[in-house]
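Text of work-v4.txt, listed as compact mmCIF, C-alpha atoms:
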```txt
# COMPACT_ATOMS: atom_id res chain seq x y z
CA MET M 54 0.00 0.00 0.00
CA THR M 55 1.35 3.30 -1.03
CA ASP M 56 1.83 5.96 1.58
CA THR M 57 0.03 8.86 -0.05
CA ALA M 58 1.49 11.26 2.51
CA SER M 59 4.90 10.86 0.87
CA LEU M 60 3.63 12.01 -2.51
CA GLY M 61 3.81 15.64 -3.47
CA THR M 62 3.91 18.00 -6.41
CA ALA M 63 6.65 20.24 -7.77
CA GLU M 64 4.87 23.26 -6.31
CA ASP M 65 5.15 21.72 -2.82
CA GLU M 66 8.94 21.36 -3.06
CA ALA M 67 11.37 24.06 -2.06
CA PRO M 68 13.38 25.40 -5.04
CA GLY M 69 16.63 24.03 -3.68
CA ASP M 70 15.28 20.60 -2.68
CA GLY M 71 14.05 19.17 -5.98
CA ALA M 72 14.84 18.99 -9.67
CA PHE M 73 12.98 22.19 -10.47
CA VAL M 74 15.35 25.19 -10.60
CA GLU M 75 14.04 28.64 -11.31
CA PRO M 76 16.05 30.28 -14.15
CA ALA M 77 18.25 33.22 -13.18
CA ALA M 78 17.49 36.63 -14.57
CA MET M 79 19.79 37.84 -17.36
CA GLU M 80 21.33 40.59 -15.24
CA GLU M 81 22.27 37.98 -12.64
CA ASP M 82 24.10 35.79 -15.15
CA LEU M 83 27.76 36.06 -14.15
CA GLY M 84 28.81 34.99 -17.65
CA GLU M 85 27.67 38.34 -19.06
CA LEU M 86 29.03 41.78 -18.22
CA PHE M 87 26.00 43.45 -19.79
CA PRO M 88 22.76 42.28 -21.43
CA GLY M 89 23.48 40.60 -24.75
CA ASP M 90 27.21 40.30 -24.03
CA ARG M 91 28.83 37.65 -26.25
CA GLY M 92 32.42 38.44 -25.30
CA VAL M 93 34.65 35.77 -23.82
CA LEU M 94 37.47 37.85 -22.33
CA ASP M 95 37.76 38.69 -18.66
CA PRO M 96 37.02 42.33 -17.75
CA ALA M 97 40.70 43.11 -17.09
CA VAL M 98 41.71 41.81 -20.51
CA ARG M 99 38.93 43.77 -22.21
CA ARG M 100 40.10 46.94 -20.46
CA VAL M 101 43.70 46.55 -21.60
CA LEU M 102 42.51 45.86 -25.15
CA VAL M 103 40.44 49.06 -25.14
CA HIS M 104 43.37 50.94 -23.59
CA LEU M 105 45.62 49.82 -26.45
CA LEU M 106 43.08 50.89 -29.06
CA GLN M 107 42.32 54.23 -27.42
CA ARG M 108 45.82 55.38 -26.54
CA ARG M 109 49.18 55.35 -28.16
CA PHE M 110 51.08 53.47 -25.44
CA VAL M 111 50.63 51.22 -22.43
CA LEU M 112 53.44 52.10 -20.01
CA ALA M 113 54.72 49.75 -17.33
CA ASP M 114 55.33 52.54 -14.81
CA ARG M 115 52.14 54.53 -15.45
CA ASN M 116 49.62 51.80 -16.30
CA ARG M 117 50.66 49.05 -13.93
CA GLU M 118 47.36 47.14 -13.83
CA GLU M 119 47.00 47.22 -17.62
CA TRP M 120 50.65 46.28 -18.09
CA THR M 121 50.32 43.25 -15.81
CA ALA M 122 47.08 42.16 -17.48
CA LEU M 123 48.70 42.55 -20.90
CA LEU M 124 51.71 40.39 -20.06
CA ASP M 125 49.51 37.75 -18.40
CA ASN M 126 47.22 37.58 -21.42
CA GLN M 127 49.53 38.57 -24.27
CA GLN M 128 48.42 35.85 -26.69
CA LEU M 129 44.74 36.66 -26.21
CA VAL M 130 45.30 40.39 -26.78
CA GLU M 131 47.51 39.72 -29.80
CA SER M 132 44.83 37.44 -31.24
CA ARG M 133 42.12 40.08 -30.93
CA LEU M 134 44.34 42.79 -32.44
CA ASN M 135 45.45 40.50 -35.26
CA ASP M 136 41.78 39.89 -36.10
CA LEU M 137 41.70 43.64 -36.85
CA PHE M 138 44.94 43.53 -38.88
CA VAL M 139 46.77 45.28 -36.08
CA ARG M 140 50.09 44.15 -34.60
CA LEU M 141 51.08 44.34 -30.92
CA VAL M 142 54.62 45.46 -30.08
CA ILE M 143 55.98 45.03 -26.54
CA ASP M 144 59.32 46.59 -25.64
CA HIS M 145 60.23 45.02 -22.31
CA ASP M 146 63.46 46.99 -21.92
CA ARG M 147 61.65 50.32 -22.11
CA GLY M 148 58.47 49.05 -20.45
CA VAL M 149 56.15 50.09 -23.27
CA ALA M 150 53.58 48.40 -25.48
CA TYR M 151 51.93 49.86 -28.55
CA LYS M 152 50.04 48.90 -31.69
CA GLN M 153 50.99 48.99 -35.38
CA GLN M 154 48.83 48.82 -38.47
CA VAL M 155 49.56 45.73 -40.55
CA ARG M 156 50.32 46.64 -44.16
CA SER M 157 50.98 44.14 -46.93
CA ASP M 158 51.50 44.16 -50.69
CA GLU M 159 50.27 40.57 -50.96
CA LEU M 160 47.11 40.94 -48.87
CA ASP M 161 44.22 43.35 -49.17
CA VAL M 162 44.27 44.84 -45.67
CA PRO M 163 41.57 47.28 -44.56
CA ILE M 164 43.26 50.14 -42.70
CA LEU M 165 41.96 50.70 -39.18
CA LEU M 166 44.66 53.02 -37.83
CA ARG M 167 45.37 56.30 -39.57
CA ASP M 168 48.72 58.04 -39.65
CA ALA M 169 48.66 61.40 -37.88
CA ALA M 170 51.86 63.37 -38.16
CA TYR M 171 53.09 65.58 -35.37
CA THR M 172 52.88 69.28 -36.20
CA ARG M 173 56.06 71.04 -37.20
CA SER M 174 56.53 72.69 -33.80
CA GLU M 175 55.99 69.33 -32.04
CA THR M 176 58.57 67.75 -34.34
CA LEU M 177 61.11 70.50 -33.61
CA VAL M 178 60.62 70.00 -29.88
CA LEU M 179 61.02 66.23 -30.37
CA VAL M 180 64.35 66.79 -32.15
CA HIS M 181 65.69 68.70 -29.15
CA LEU M 182 64.32 66.21 -26.60
CA ARG M 183 65.76 63.27 -28.55
CA THR M 184 69.14 65.00 -28.78
CA VAL M 185 69.23 65.64 -25.03
CA TYR M 186 68.13 62.06 -24.28
CA GLN M 187 70.83 60.66 -26.57
CA ARG M 188 73.51 62.85 -24.98
CA GLU M 189 72.53 62.02 -21.41
CA SER M 190 72.26 58.30 -22.14
CA ALA M 191 75.71 58.29 -23.73
CA ALA M 192 77.05 60.00 -20.60
CA GLY M 193 75.63 57.20 -18.45
CA GLU M 194 72.92 59.30 -16.80
CA PRO M 195 70.03 57.17 -15.43
CA ALA M 196 67.46 59.73 -16.61
CA ALA M 197 67.42 62.70 -18.98
CA ARG M 198 65.83 65.93 -17.77
CA VAL M 199 65.30 69.29 -19.36
CA ASP M 200 63.95 72.72 -18.32
CA ILE M 201 61.28 74.48 -20.36
CA GLU M 202 63.57 77.50 -20.71
CA ASP M 203 66.23 75.33 -22.33
CA VAL M 204 63.66 73.84 -24.70
CA GLU M 205 62.42 77.30 -25.67
CA GLN M 206 65.90 78.74 -26.16
CA THR M 207 67.00 75.92 -28.45
CA VAL M 208 63.80 75.23 -30.36
CA MET M 209 63.07 78.89 -31.09
CA SER M 210 66.30 78.96 -33.09
CA TYR M 211 64.82 76.29 -35.38
CA PHE M 212 61.85 78.43 -36.39
CA ALA M 213 61.76 80.50 -39.57
CA ASP M 214 61.10 84.23 -39.63
CA ALA M 215 57.58 83.56 -40.87
CA ASP M 216 56.73 81.71 -37.65
CA GLY M 217 55.97 84.90 -35.76
CA ASP M 218 57.46 86.75 -32.85
CA THR M 219 59.01 85.33 -29.68
CA ALA M 220 55.71 85.20 -27.79
CA LYS M 221 54.02 83.18 -30.55
CA ARG M 222 56.95 80.77 -30.76
CA GLN M 223 56.88 80.26 -26.98
CA ARG M 224 53.17 79.46 -27.14
CA LEU M 225 53.77 76.89 -29.91
CA ILE M 226 56.59 75.27 -27.92
CA ARG M 227 54.58 75.06 -24.70
CA LYS M 228 51.59 73.67 -26.59
CA ALA M 229 53.90 71.05 -28.12
CA MET M 230 55.24 70.11 -24.67
CA ASP M 231 51.67 69.70 -23.41
CA ARG M 232 50.92 67.31 -26.28
CA LEU M 233 54.09 65.31 -25.71
CA ALA M 234 53.32 65.12 -22.00
CA ARG M 235 49.90 63.63 -22.79
CA ASP M 236 51.62 61.06 -25.01
CA GLY M 237 53.96 60.13 -22.14
CA ILE M 238 57.10 61.33 -23.93
CA VAL M 239 57.87 63.85 -21.19
CA ASP M 240 56.77 63.94 -17.57
CA GLU M 241 56.66 67.25 -15.68
CA GLU M 242 58.24 66.37 -12.33
CA THR M 243 58.22 69.95 -11.00
CA THR M 244 56.98 73.16 -12.58
CA GLY M 245 58.94 73.68 -15.79
CA ARG M 246 61.21 70.67 -15.16
CA PHE M 247 60.63 67.60 -17.34
CA ARG M 248 61.95 64.05 -17.38
CA ILE M 249 62.32 62.70 -20.91
CA SER M 250 60.83 59.22 -21.32
CA PRO M 251 62.55 56.42 -23.27
CA LEU M 252 59.49 56.63 -25.53
CA VAL M 253 61.28 59.42 -27.38
CA GLU M 254 63.54 56.75 -28.91
CA ILE M 255 60.52 54.92 -30.29
CA VAL M 256 58.83 58.03 -31.63
CA LEU M 257 62.03 59.40 -33.15
CA SER M 258 64.60 56.81 -34.19
CA ALA M 259 68.30 57.65 -34.47
CA GLU M 260 68.04 57.48 -38.26
CA LYS M 261 65.06 59.86 -38.34
CA LEU M 262 66.87 62.19 -35.93
CA ARG M 263 69.83 62.40 -38.30
CA GLU M 264 67.51 63.17 -41.21
CA LEU M 265 65.77 65.96 -39.32
CA ARG M 266 69.06 67.43 -38.10
CA ASP M 267 70.33 67.50 -41.68
CA TRP M 268 67.09 69.16 -42.78
CA LEU M 269 67.42 71.82 -40.07
CA ARG M 270 71.06 72.42 -40.95
CA ASP M 271 70.29 72.77 -44.67
CA ARG M 272 67.45 75.15 -43.95
CA SER M 273 69.65 77.22 -41.66
CA ASP M 274 72.33 77.42 -44.36
CA ALA M 275 69.72 78.54 -46.90
CA ASP M 276 68.48 81.26 -44.54
CA ASP M 277 72.05 82.49 -43.92
CA THR M 278 72.70 82.77 -47.66
CA GLY M 279 69.43 84.51 -48.42
CA GLY M 280 67.51 81.40 -49.44
CA VAL M 281 63.78 80.96 -49.07
CA ALA M 282 62.69 80.23 -45.50
CA ASP M 283 60.22 77.48 -44.75
CA ASP M 284 56.87 79.23 -44.33
CA GLU M 285 54.67 76.16 -43.89
CA SER M 286 51.56 76.70 -41.86
CA GLU M 287 51.77 75.30 -38.34
CA ASP M 288 48.75 73.08 -38.98
CA GLU M 289 50.14 71.51 -42.15
CA GLU M 290 51.70 68.07 -42.03
CA GLY M 291 54.93 67.47 -43.94
CA ASP M 292 56.88 64.38 -44.91
CA ASP M 293 59.59 65.06 -42.31
CA GLU M 294 57.37 64.74 -39.26
CA PRO M 295 57.29 61.44 -37.36
CA GLN M 296 54.00 59.61 -37.57
CA GLU M 297 51.73 58.16 -34.95
CA GLU M 298 48.97 55.64 -35.52
CA GLN M 299 45.55 56.14 -33.99
CA LEU M 300 41.93 55.22 -34.54
```

Take the structure from the file and write it as structure tokens.
Amino acid sequence: MTDTASLGTAEDEAPGDGAFVEPAAMEEDLGELFPGDRGVLDPAVRRVLVHLLQRRFVLADRNREEWTALLDNQQLVESRLNDLFVRLVIDHDRGVAYKQQVRSDELDVPILLRDAAYTRSETLVLVHLRTVYQRESAAGEPAARVDIEDVEQTVMSYFADADGDTAKRQRLIRKAMDRLARDGIVDEETTGRFRISPLVEIVLSAEKLRELRDWLRDRSDADDTGGVADDESEDEEGDDEPQEEQL
């Protein structure tokens, strides 16, 4: 004889005691970071991927969490960037990671990153910073530093007569320093005192530095002999400026 007292229905059972499990709401699903999320990367890896796409560099000393996540998940990040025809470059010695657009003559590659040249005043400041960094490194100094007054004094001599008076040139130089500080190429340690980052070697190679120095010397010689001065607009981009890649 069956004990009818032992029989029950699903409604009588507590949710955790029987086979019936109430489905979790979408926003409570830990597999998704947001409704409709189909991504498979952990949040930290997603953040470093976005950081790489948004900015020019990931720096070991400034972006420590992103740098650690990048090194721990390098193959995953490289895979996602490669899917976009973008290459990841990690310079462990300098503690910097950055992206490069893949270009190929054999493969039809859609271009995601555009080349954006530094302005002429930014390039002139870079030439001076790279020269100082090279000199200090050769002398065995652990870090290269420069004062804004030194930058102004040297870089203003690079400008042509058409570039305006001293006040305008100073404004262009300080604006260039602000841009380079945002890029991580210089770091203002105290007011008007800057540490030059090793990034300057990546942005401006030794070969490119020699080319720009030769260009400045030739232009100076032309000015001294009555030649035509370079009167390019500050906003124009020339072939001599180093390039950066950005979205």

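Minimum distance to Glu131 in chain M across M:Val253, M:Ala196, M:Ala150, M:Ile201 (counting all atoms listed in the file) occurs at M:Ala150.
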
TODO: Please identify all polymer residues within 8 Å of Ile238 in chain M, counting only C-alpha atoms, omitting same-chain residues fewer than 5 positions from it, and present them as a PyMOL selection string.
DONE: chain M and resi 233+249-253

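What separates CA of Val98 in chain M from CA of Gly148 in chain M is a distance of 18.3 Å.
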
- [ ] Write out as a PyMOL selection string which residues come within 10 Å of Gln127 in chain M when counting only C-alpha atoms, dropping same-chain ones fewer than 6 positions away.
- [x] chain M and resi 98+120-121+141+143

- [ ] Considering only C-alpha atoms, state which residue in the set M:Val149, M:Ala215, M:Val208, M:Ile164 is at the smallest distance from Val180 in chain M.
- [x] M:Val208

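Proximity to Asn126 in chain M was assessed for M:Arg140, M:Arg108, M:Lys152, M:Asp95 counting all atoms listed in the file; the smallest distance is recorded for M:Asp95.
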
- [ ] Grab the CA of Leu225 in chain M to CA of Ser174 in chain M distance for me, in Å with one decimal place.
- [x] 6.4 Å

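The residue set within 10 Å of range 114-118 of chain M, counting all atoms listed in the file and dropping same-chain residues fewer than 5 places from it, reads Ala97, Arg100, Val101, His104, Leu123, Arg147, Gly148, Val149 and Gly237 of chain M.
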
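Closest approach to Asp136 in chain M among M:Leu124, M:Asp168, M:Gln154, M:Glu241: M:Gln154, based on all atoms listed in the file.
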
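Atom pair CA of Gln107 in chain M / CA of Leu166 in chain M has a distance of 10.7 Å (rounded to one decimal).
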
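Using all atoms listed in the file, the nearest neighbour of Val256 in chain M within the list M:Asp240, M:Asp271, M:Glu175, M:Asp158 is M:Glu175.
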
Open item on the list: So that I can see what lies close to Tyr186 in chain M, please list as a PyMOL selection string the residues with an atom at most 12 Å from it, counting all atoms listed in the file and leaving out residues fewer than 3 positions away in the same chain.
Closed with: chain M and resi 179-183+189-199+238-239+247-254+257-259+262

May I have the residues from that selection written out with C-alpha atoms, as a PDB file, in the coordinates of the input?
```pdb
ATOM      1  CA  LEU M 179      61.020  66.230 -30.370  1.00  0.00           C
ATOM      2  CA  VAL M 180      64.350  66.790 -32.150  1.00  0.00           C
ATOM      3  CA  HIS M 181      65.690  68.700 -29.150  1.00  0.00           C
ATOM      4  CA  LEU M 182      64.320  66.210 -26.600  1.00  0.00           C
ATOM      5  CA  ARG M 183      65.760  63.270 -28.550  1.00  0.00           C
ATOM      6  CA  GLU M 189      72.530  62.020 -21.410  1.00  0.00           C
ATOM      7  CA  SER M 190      72.260  58.300 -22.140  1.00  0.00           C
ATOM      8  CA  ALA M 191      75.710  58.290 -23.730  1.00  0.00           C
ATOM      9  CA  ALA M 192      77.050  60.000 -20.600  1.00  0.00           C
ATOM     10  CA  GLY M 193      75.630  57.200 -18.450  1.00  0.00           C
ATOM     11  CA  GLU M 194      72.920  59.300 -16.800  1.00  0.00           C
ATOM     12  CA  PRO M 195      70.030  57.170 -15.430  1.00  0.00           C
ATOM     13  CA  ALA M 196      67.460  59.730 -16.610  1.00  0.00           C
ATOM     14  CA  ALA M 197      67.420  62.700 -18.980  1.00  0.00           C
ATOM     15  CA  ARG M 198      65.830  65.930 -17.770  1.00  0.00           C
ATOM     16  CA  VAL M 199      65.300  69.290 -19.360  1.00  0.00           C
ATOM     17  CA  ILE M 238      57.100  61.330 -23.930  1.00  0.00           C
ATOM     18  CA  VAL M 239      57.870  63.850 -21.190  1.00  0.00           C
ATOM     19  CA  PHE M 247      60.630  67.600 -17.340  1.00  0.00           C
ATOM     20  CA  ARG M 248      61.950  64.050 -17.380  1.00  0.00           C
ATOM     21  CA  ILE M 249      62.320  62.700 -20.910  1.00  0.00           C
ATOM     22  CA  SER M 250      60.830  59.220 -21.320  1.00  0.00           C
ATOM     23  CA  PRO M 251      62.550  56.420 -23.270  1.00  0.00           C
ATOM     24  CA  LEU M 252      59.490  56.630 -25.530  1.00  0.00           C
ATOM     25  CA  VAL M 253      61.280  59.420 -27.380  1.00  0.00           C
ATOM     26  CA  GLU M 254      63.540  56.750 -28.910  1.00  0.00           C
ATOM     27  CA  LEU M 257      62.030  59.400 -33.150  1.00  0.00           C
ATOM     28  CA  SER M 258      64.600  56.810 -34.190  1.00  0.00           C
ATOM     29  CA  ALA M 259      68.300  57.650 -34.470  1.00  0.00           C
ATOM     30  CA  LEU M 262      66.870  62.190 -35.930  1.00  0.00           C
TER      31      LEU M 262
END
```

TODO: Between M:Val204, M:Leu177, M:Ile226, M:Val142, single out the one closest to Phe110 in chain M, counting all atoms listed in the file.
DONE: M:Val142
